[in-house]
Every structure is written in C-alpha cells, then in structure tokens.
Number of protein chains: 2
Amino acid sequence: MTAPEQRVPKQDRSRITRERLLGASIDLLATQGWAATTVGAVAAAAGVSRGAAQHHFPTREDLITAALGHMIEQRISDVRRGGLDLPEPGPERTVAVVGFIVQHYTSDLFKAALHVWTAAASDPALRDRVLPLENHMSREVLAIAAAALGRDAGDVRVRRGLQTTLDLARGLGLADVLSDDSERRDKIVRFWAQTLDGVLVETPEWSTGDVANASF
Amino acid sequence: MTAPEQRVPKQDRSRITRERLLGASIDLLATQGWAATTVGAVAAAAGVSRGAAQHHFPTREDLITAALGHMIEQRISDVRRGGLDLPEPGPERTVAVVGFIVQHYTSDLFKAALHVWTAAASDPALRDRVLPLENHMSREVLAIAAAALGRDAGDVRVRRGLQTTLDLARGLGLADVLSDDSERRDKIVRFWAQTLDGVLVETPEWSTGDVANASF
C-alpha cells in the first residue's frame with residue numbers, strides 16, 4: 001500500500017501512463033510496423049495493463065494518431081525553444097537548414113509516420129485523422145526553415161523552394177528505409193543547399209539579424 | 001472437356017496464369033495494402049485456384065517481388081520502345097521529363113511498391129529482395145531522363161541533378177497517398193524543372209540530336 005507509484009498524485013500517474021504509451025507506440029511503429037502496433041502490444045511494451053491502455057485510448061487509431069500528434073508537437077516545441085544552433089548566415093547555414101529538414105524526415109518519428117501514412121493510403125478514416133497532422137508539421141517545418149534562412153515564407157519563390165526541400169526530404173526519408181544511403185544523401189543535401197541558395201538569392205530578405213537561435 | 005482454355009497450349013496457359021497473378025498483386029497492393037495481399041487473396045482476385053497460384057509462387061514474398069520486378073521491366077521496356085513523346089529541346093522538354101519521372105512515382109506501381117518498401121522496413125529478408133529492384137529502377141529512370149535531356153549521365157552534376165529529381169519525385173509520390181495534391185505538385189514540377197535547367201546549363205551536352213523518340 002506504500003508502493004512508490006502510489007505516492008505520485010493520480011493526475012500525474014495518468015499523464016505518465018499516457019506518455020509511456022505514446023512513446024512506446026512510436027518505437028513499435030518505427031521498428032515493427034503498423035500491423036504489429038496494436039493497443040495490446042503497445043501496453044505490453046510500455047509496461048501498462050491492457051485495461052489502463054484502453055481507458056486512455058479506446059482504439060488503435062486513437063492511440064497512434066495521439067502518438068504522432070504528441071511527438072510532432074514535442075519536436076516542434078523543442079526546436080522553437082532551443083533553436084537550431086546554426087552557423088553564420090551564408091552557404092553553410094543553408095546546408096545546415098536543409099540538413100535539419102532531411103534529418104527530421106529520416107528520424108524514427110518519420111519512420112513511424114511512414115507506416116501510418118502507408119496504412120492510411122487504403123483506410124480513408126485513418127487518412128482523415130492523419131492528414132491534418134502532416135499538414136501542420138509541414139507548415140511548421142517550413143516556417144522554421146524560412147526564419148532560419150532569414151527569408152519571408154510569404155514570398156512565392158521562398159515557399160516553393162522550401163516546399164521542394166520538404167518533398168525532397170520526404171523522398172530521401174523513404175529511400176532510407178530500404179538501405180542506409182547516408183553518404184549519397186549527404187551529397188544530395190549539399191547539392192540541393194547550393195541550388196536553393198541560387199533560388200533564394202533572388203528573393204527578399206526577411207531579417208538580416210542572426211536568427212540562428214531566435215525563437216520562431 | 002472441350003472448354004476453350006483447354007485448346008490453349010499448356011505453356012501459354014501457364015504464362016497467362018502467371019501474368020494474371022502478377023497484375024492482380026499490383027492492383028491489390030496499391031488499393032488494399034500489404035496485409036491484404038496474400039497469395040490466397042491474389043489468386044481469388046485473379047480467378048486462379050489457390051493451388052495453381054502456390055505452384056507458381058510458393059510464398060507471398062515470391063509473388064510480390066516477382067510482381068514488382070515484372071511491372072518495373074514492363075514499364076521500362078514500354079518507355080524504351082515507345083519513347084516519351086517530348087516537346088522540342090528547351091525548357092518545356094525539361095518540364096516534360098520531370099513530369100514523366102513524377103508521374104512514374106505517383107502511379108499505381110509506385111503505390112504498390114510503397115506498401116512493399118514499408119513492409120520491408122521491418123523485414124530484412126524482404127528488404128534484401130526489394131532493394132535490387134529499386135536500385136535497378138532508379139538507374140533506368142535516371143538513364144532515360146539523361147538521354148531525353150541530351151545530357152551525359154556520367155557527368156557528376158547531371159547525375160546529382162537527376163538523383164535529386166528522383167528523390168523529389170519519391171517524396172511527391174508519398175505525399176500523394178495522403179491527399180490529392182496534384183495542383184501543388186504541378187507547381188513544384190515547373191519550379192524544379194526551371195531550377196534543374198539552371199543546373200544542367202553548366203554541364204556538357206551529350207547529344208544535340210532529337211532524342212525525344214530515340215531508343216535509349
């Protein structure tokens with residue numbers, strides 16, 4: 001009756017259980033795929049009873065969309081709080097920003113999301129839940145990148161250049177699930193950063209200040 | 001005893017059965033996903049007995065990798081035979097070539113392949129079978145694109161530019177499974193074609209002749 005978890009307030013215990021389930025969902029998705037990521041399997045991986053898991057998340061779709069949403073929010077707020085630790089404005093900064101985006105799309109979060117997107121391709125109800133998360137994430141990544149490059153995301157060429165970067169990063173992330181092609185990927189990142197610089201040079205600068213560690 | 005199929009030579013019947021199974025696999029994969037694409041389900045969709053299907057393809061992995069390989073070969077040989085029906089050399093030709101690559105990665109064949117890649121992400125044995133198919137396809141698409149643009153695929157900037165196009169197309173294909181974003185995609189295709197032209201202008205021309213309908 002005096003087990004340590006009983007001294008934690010009920011509300012906190014509930015939050016901890018929830019976060020454990022969300023983290024275990026992403027891990028399981030990224031490593032085992034959609035079919036293996038059931039509420040039961042996630043509960044077992046998180047060391048939570050199946051009943052408690054189902055209390056928080058009645059269906060697998062509830063659990064998985066909550067997990068994706070939570071991880072995306074966490075990632076974005078980490079970047080917004082901590083900044084990107086970028087080099088001085090110039091070609092190397094563009095390489096770093098493109099590298100940040102590509103890293104984002106080759107992370108475990110992306111691998112988890114890929115399994116969900118692929119499942120959603122043949123499941124319209126799931127697609128309706130996943131699409132707003134993906135749109136939100138893309139908008140945020142694009143805004144972060146524009147600010148880091150000191151460019152106005154409202155400018156059509158800036159937006160197009162950064163959208164292309166996101167699409168490219170998504171494609172590089174997809175290639176990465178089949179084989180470790182990080183060497184080739186680094187070359188594409190440098191090539192694209194150089195090309196993007198050529199595109200952005202014709203666009204208005206948004207801020208000439210150092211935005212490397214600014215809050216976005 | 002005189003049913004029409006009995007008049008078809010045995011070897012042809014076997015080939016027809018095989019091709020029906022391969023086609024049904026791609027259809028099922030693209031529309032229903034990996035989990036639904038079992039040998040039994042494909043046999044039923046193709047109107048072939050389960051026994052006959054298993055005679056041709058003992059396991060699901062055999063069937064699905066054969067289907068992907070067959071469709072890739074067919075697609076490549078269609079292009080190599082028929083050419084791409086491209087506009088005169090110039091900016092519009094680049095738009096058409098980029099459009100061809102992007103179309104390839106938003107086709108049903110890509111959607112089928114996406115389900116297989118995603119399944120392969122957590123299945124090393126499947127990955128080993130799928131990776132050579134993907135590498136082969138990428139090399140062929142890259143060679144076709146270089147020839148169509150009259151550029152030397154051996155040149156490092158040409159190769160990098162076209163690899164980027166393939167990665168970008170893969171990313172656009174992935175976005176397409178979540179929502180029909182063809183309008184946005186068309187803008188990215190034009191933007192990237194224009195950017196690619198800027199990259200290629202610095203590279204040696206491979207052939208100044210009309211390669212639009214040449215065999216590659």
# chains A, B, ... in the order shown; residues from 1 in each chain; ligands from 1
>>> select_by_dssp(residues="range 170-205 of chain A", states="helix (DSSP H, G or I)", output="JSON, numbers by chain")
{"A": [170, 171, 172, 173, 174, 175, 176, 177, 178, 182, 183, 184, 185, 186, 187, 188, 189, 190, 191, 192, 193, 194, 195, 196, 197, 198, 199, 200]}
>>> write_last_selection(atoms="C-alpha atoms", output="PDB file, in the first residue's frame")
ATOM      1  CA  ARG A 170      10.396  13.008 -47.648  1.00  0.00           C
ATOM      2  CA  GLY A 171      11.785  11.129 -50.665  1.00  0.00           C
ATOM      3  CA  LEU A 172      15.212  10.793 -49.035  1.00  0.00           C
ATOM      4  CA  GLY A 173      13.498   9.513 -45.886  1.00  0.00           C
ATOM      5  CA  LEU A 174      11.679   6.900 -47.914  1.00  0.00           C
ATOM      6  CA  ALA A 175      14.911   5.748 -49.597  1.00  0.00           C
ATOM      7  CA  ASP A 176      16.476   5.468 -46.145  1.00  0.00           C
ATOM      8  CA  VAL A 177      14.052   2.757 -45.008  1.00  0.00           C
ATOM      9  CA  LEU A 178      15.380   0.393 -47.696  1.00  0.00           C
ATOM     10  CA  SER A 182      23.532   8.373 -45.821  1.00  0.00           C
ATOM     11  CA  GLU A 183      26.659   9.000 -47.915  1.00  0.00           C
ATOM     12  CA  ARG A 184      24.653   9.624 -51.076  1.00  0.00           C
ATOM     13  CA  ARG A 185      22.138  11.634 -49.044  1.00  0.00           C
ATOM     14  CA  ASP A 186      24.823  14.000 -47.724  1.00  0.00           C
ATOM     15  CA  LYS A 187      25.869  14.754 -51.297  1.00  0.00           C
ATOM     16  CA  ILE A 188      22.270  15.479 -52.300  1.00  0.00           C
ATOM     17  CA  VAL A 189      21.874  17.756 -49.244  1.00  0.00           C
ATOM     18  CA  ARG A 190      24.961  19.798 -50.288  1.00  0.00           C
ATOM     19  CA  PHE A 191      23.887  19.871 -53.926  1.00  0.00           C
ATOM     20  CA  TRP A 192      20.371  20.974 -53.061  1.00  0.00           C
ATOM     21  CA  ALA A 193      21.512  23.574 -50.496  1.00  0.00           C
ATOM     22  CA  GLN A 194      23.732  25.157 -53.160  1.00  0.00           C
ATOM     23  CA  THR A 195      20.887  25.087 -55.684  1.00  0.00           C
ATOM     24  CA  LEU A 196      18.444  26.515 -53.122  1.00  0.00           C
ATOM     25  CA  ASP A 197      20.850  29.364 -52.394  1.00  0.00           C
ATOM     26  CA  GLY A 198      20.711  30.228 -56.075  1.00  0.00           C
ATOM     27  CA  VAL A 199      16.910  30.314 -55.880  1.00  0.00           C
ATOM     28  CA  LEU A 200      16.742  32.327 -52.653  1.00  0.00           C
TER      29      LEU A 200
END
>>> residues_around(residues="range 105-115 of chain A", least_positions_apart="4", cutoff="9 Å", atoms="only C-alpha atoms", output="VMD selection string")
(chain A and resid 25 to 31 33 to 34 68 71 to 72 100 to 101 119 to 120 134 166 169 to 174 176 to 177) or (chain B and resid 115 118 to 119 121 174)
>>> atom_distance(atom1="CA of Val39 in chain B", atom2="CA of Val130 in chain B")
17.8 Å
>>> atom_distance(atom1="CA of Ala46 in chain A", atom2="CA of Gln74 in chain A")
19.0 Å
>>> atom_distance(atom1="CA of Ala53 in chain B", atom2="CA of Thr65 in chain B")
14.4 Å
>>> closest_residue(among="A:Trp117, A:Ala125, A:Gly40, A:Ala146", to="chain B", atoms="only C-alpha atoms")
A:Trp117
>>> decode(residues="range 164-189 of chain A", atoms="N, CA, C and O atoms", output="JSON list (two decimals), in the first residue's frame")
[["chain", "number", "residue", "atom", "x", "y", "z"],
["A", 164, "THR", "N", 9.77, 22.34, -51.94],
["A", 164, "THR", "CA", 10.57, 21.37, -52.69],
["A", 164, "THR", "C", 11.55, 20.67, -51.74],
["A", 164, "THR", "O", 11.76, 19.46, -51.82],
["A", 165, "THR", "N", 12.12, 21.44, -50.82],
["A", 165, "THR", "CA", 13.04, 20.85, -49.84],
["A", 165, "THR", "C", 12.32, 19.80, -49.00],
["A", 165, "THR", "O", 12.86, 18.71, -48.75],
["A", 166, "LEU", "N", 11.11, 20.10, -48.57],
["A", 166, "LEU", "CA", 10.33, 19.16, -47.77],
["A", 166, "LEU", "C", 9.99, 17.89, -48.58],
["A", 166, "LEU", "O", 10.10, 16.77, -48.06],
["A", 167, "ASP", "N", 9.57, 18.08, -49.82],
["A", 167, "ASP", "CA", 9.24, 16.91, -50.66],
["A", 167, "ASP", "C", 10.48, 16.05, -50.90],
["A", 167, "ASP", "O", 10.42, 14.83, -50.84],
["A", 168, "LEU", "N", 11.60, 16.75, -51.18],
["A", 168, "LEU", "CA", 12.87, 16.04, -51.38],
["A", 168, "LEU", "C", 13.25, 15.26, -50.12],
["A", 168, "LEU", "O", 13.64, 14.09, -50.19],
["A", 169, "ALA", "N", 13.11, 15.91, -48.96],
["A", 169, "ALA", "CA", 13.47, 15.26, -47.69],
["A", 169, "ALA", "C", 12.60, 14.03, -47.45],
["A", 169, "ALA", "O", 13.07, 13.00, -46.97],
["A", 170, "ARG", "N", 11.32, 14.13, -47.80],
["A", 170, "ARG", "CA", 10.40, 13.01, -47.65],
["A", 170, "ARG", "C", 10.85, 11.83, -48.54],
["A", 170, "ARG", "O", 10.83, 10.69, -48.11],
["A", 171, "GLY", "N", 11.29, 12.17, -49.75],
["A", 171, "GLY", "CA", 11.79, 11.13, -50.66],
["A", 171, "GLY", "C", 13.07, 10.50, -50.16],
["A", 171, "GLY", "O", 13.27, 9.28, -50.29],
["A", 172, "LEU", "N", 13.96, 11.32, -49.59],
["A", 172, "LEU", "CA", 15.21, 10.79, -49.03],
["A", 172, "LEU", "C", 14.91, 9.92, -47.82],
["A", 172, "LEU", "O", 15.55, 8.88, -47.61],
["A", 173, "GLY", "N", 13.92, 10.32, -47.04],
["A", 173, "GLY", "CA", 13.50, 9.51, -45.89],
["A", 173, "GLY", "C", 12.97, 8.16, -46.32],
["A", 173, "GLY", "O", 13.26, 7.13, -45.70],
["A", 174, "LEU", "N", 12.24, 8.15, -47.40],
["A", 174, "LEU", "CA", 11.68, 6.90, -47.91],
["A", 174, "LEU", "C", 12.80, 5.98, -48.41],
["A", 174, "LEU", "O", 12.79, 4.77, -48.15],
["A", 175, "ALA", "N", 13.77, 6.55, -49.12],
["A", 175, "ALA", "CA", 14.91, 5.75, -49.60],
["A", 175, "ALA", "C", 15.67, 5.15, -48.41],
["A", 175, "ALA", "O", 16.18, 4.03, -48.48],
["A", 176, "ASP", "N", 15.71, 5.89, -47.32],
["A", 176, "ASP", "CA", 16.48, 5.47, -46.14],
["A", 176, "ASP", "C", 15.89, 4.23, -45.46],
["A", 176, "ASP", "O", 16.60, 3.53, -44.74],
["A", 177, "VAL", "N", 14.61, 3.95, -45.66],
["A", 177, "VAL", "CA", 14.05, 2.76, -45.01],
["A", 177, "VAL", "C", 14.52, 1.48, -45.70],
["A", 177, "VAL", "O", 14.50, 0.40, -45.12],
["A", 178, "LEU", "N", 14.94, 1.59, -46.97],
["A", 178, "LEU", "CA", 15.38, 0.39, -47.70],
["A", 178, "LEU", "C", 16.85, 0.10, -47.49],
["A", 178, "LEU", "O", 17.27, -1.05, -47.47],
["A", 179, "SER", "N", 17.66, 1.14, -47.40],
["A", 179, "SER", "CA", 19.10, 0.92, -47.19],
["A", 179, "SER", "C", 19.71, 2.18, -46.61],
["A", 179, "SER", "O", 19.18, 3.28, -46.80],
["A", 180, "ASP", "N", 20.81, 2.04, -45.91],
["A", 180, "ASP", "CA", 21.49, 3.19, -45.36],
["A", 180, "ASP", "C", 22.24, 3.88, -46.49],
["A", 180, "ASP", "O", 23.34, 3.47, -46.85],
["A", 181, "ASP", "N", 21.63, 4.89, -47.06],
["A", 181, "ASP", "CA", 22.32, 5.61, -48.13],
["A", 181, "ASP", "C", 22.72, 7.01, -47.66],
["A", 181, "ASP", "O", 22.61, 7.98, -48.39],
["A", 182, "SER", "N", 23.23, 7.07, -46.41],
["A", 182, "SER", "CA", 23.53, 8.37, -45.82],
["A", 182, "SER", "C", 24.65, 9.11, -46.58],
["A", 182, "SER", "O", 24.65, 10.33, -46.63],
["A", 183, "GLU", "N", 25.56, 8.36, -47.19],
["A", 183, "GLU", "CA", 26.66, 9.00, -47.91],
["A", 183, "GLU", "C", 26.11, 9.74, -49.14],
["A", 183, "GLU", "O", 26.41, 10.91, -49.36],
["A", 184, "ARG", "N", 25.29, 9.02, -49.92],
["A", 184, "ARG", "CA", 24.65, 9.62, -51.08],
["A", 184, "ARG", "C", 23.77, 10.80, -50.63],
["A", 184, "ARG", "O", 23.76, 11.87, -51.23],
["A", 185, "ARG", "N", 23.05, 10.61, -49.53],
["A", 185, "ARG", "CA", 22.14, 11.63, -49.04],
["A", 185, "ARG", "C", 22.88, 12.92, -48.70],
["A", 185, "ARG", "O", 22.41, 14.01, -49.03],
["A", 186, "ASP", "N", 24.05, 12.81, -48.06],
["A", 186, "ASP", "CA", 24.82, 14.00, -47.72],
["A", 186, "ASP", "C", 25.19, 14.79, -48.97],
["A", 186, "ASP", "O", 25.20, 16.03, -48.96],
["A", 187, "LYS", "N", 25.52, 14.06, -50.05],
["A", 187, "LYS", "CA", 25.87, 14.75, -51.30],
["A", 187, "LYS", "C", 24.66, 15.48, -51.87],
["A", 187, "LYS", "O", 24.77, 16.60, -52.37],
["A", 188, "ILE", "N", 23.50, 14.84, -51.79],
["A", 188, "ILE", "CA", 22.27, 15.48, -52.30],
["A", 188, "ILE", "C", 21.95, 16.71, -51.45],
["A", 188, "ILE", "O", 21.53, 17.75, -51.97],
["A", 189, "VAL", "N", 22.14, 16.62, -50.13],
["A", 189, "VAL", "CA", 21.87, 17.76, -49.24],
["A", 189, "VAL", "C", 22.74, 18.95, -49.65],
["A", 189, "VAL", "O", 22.26, 20.07, -49.80]]
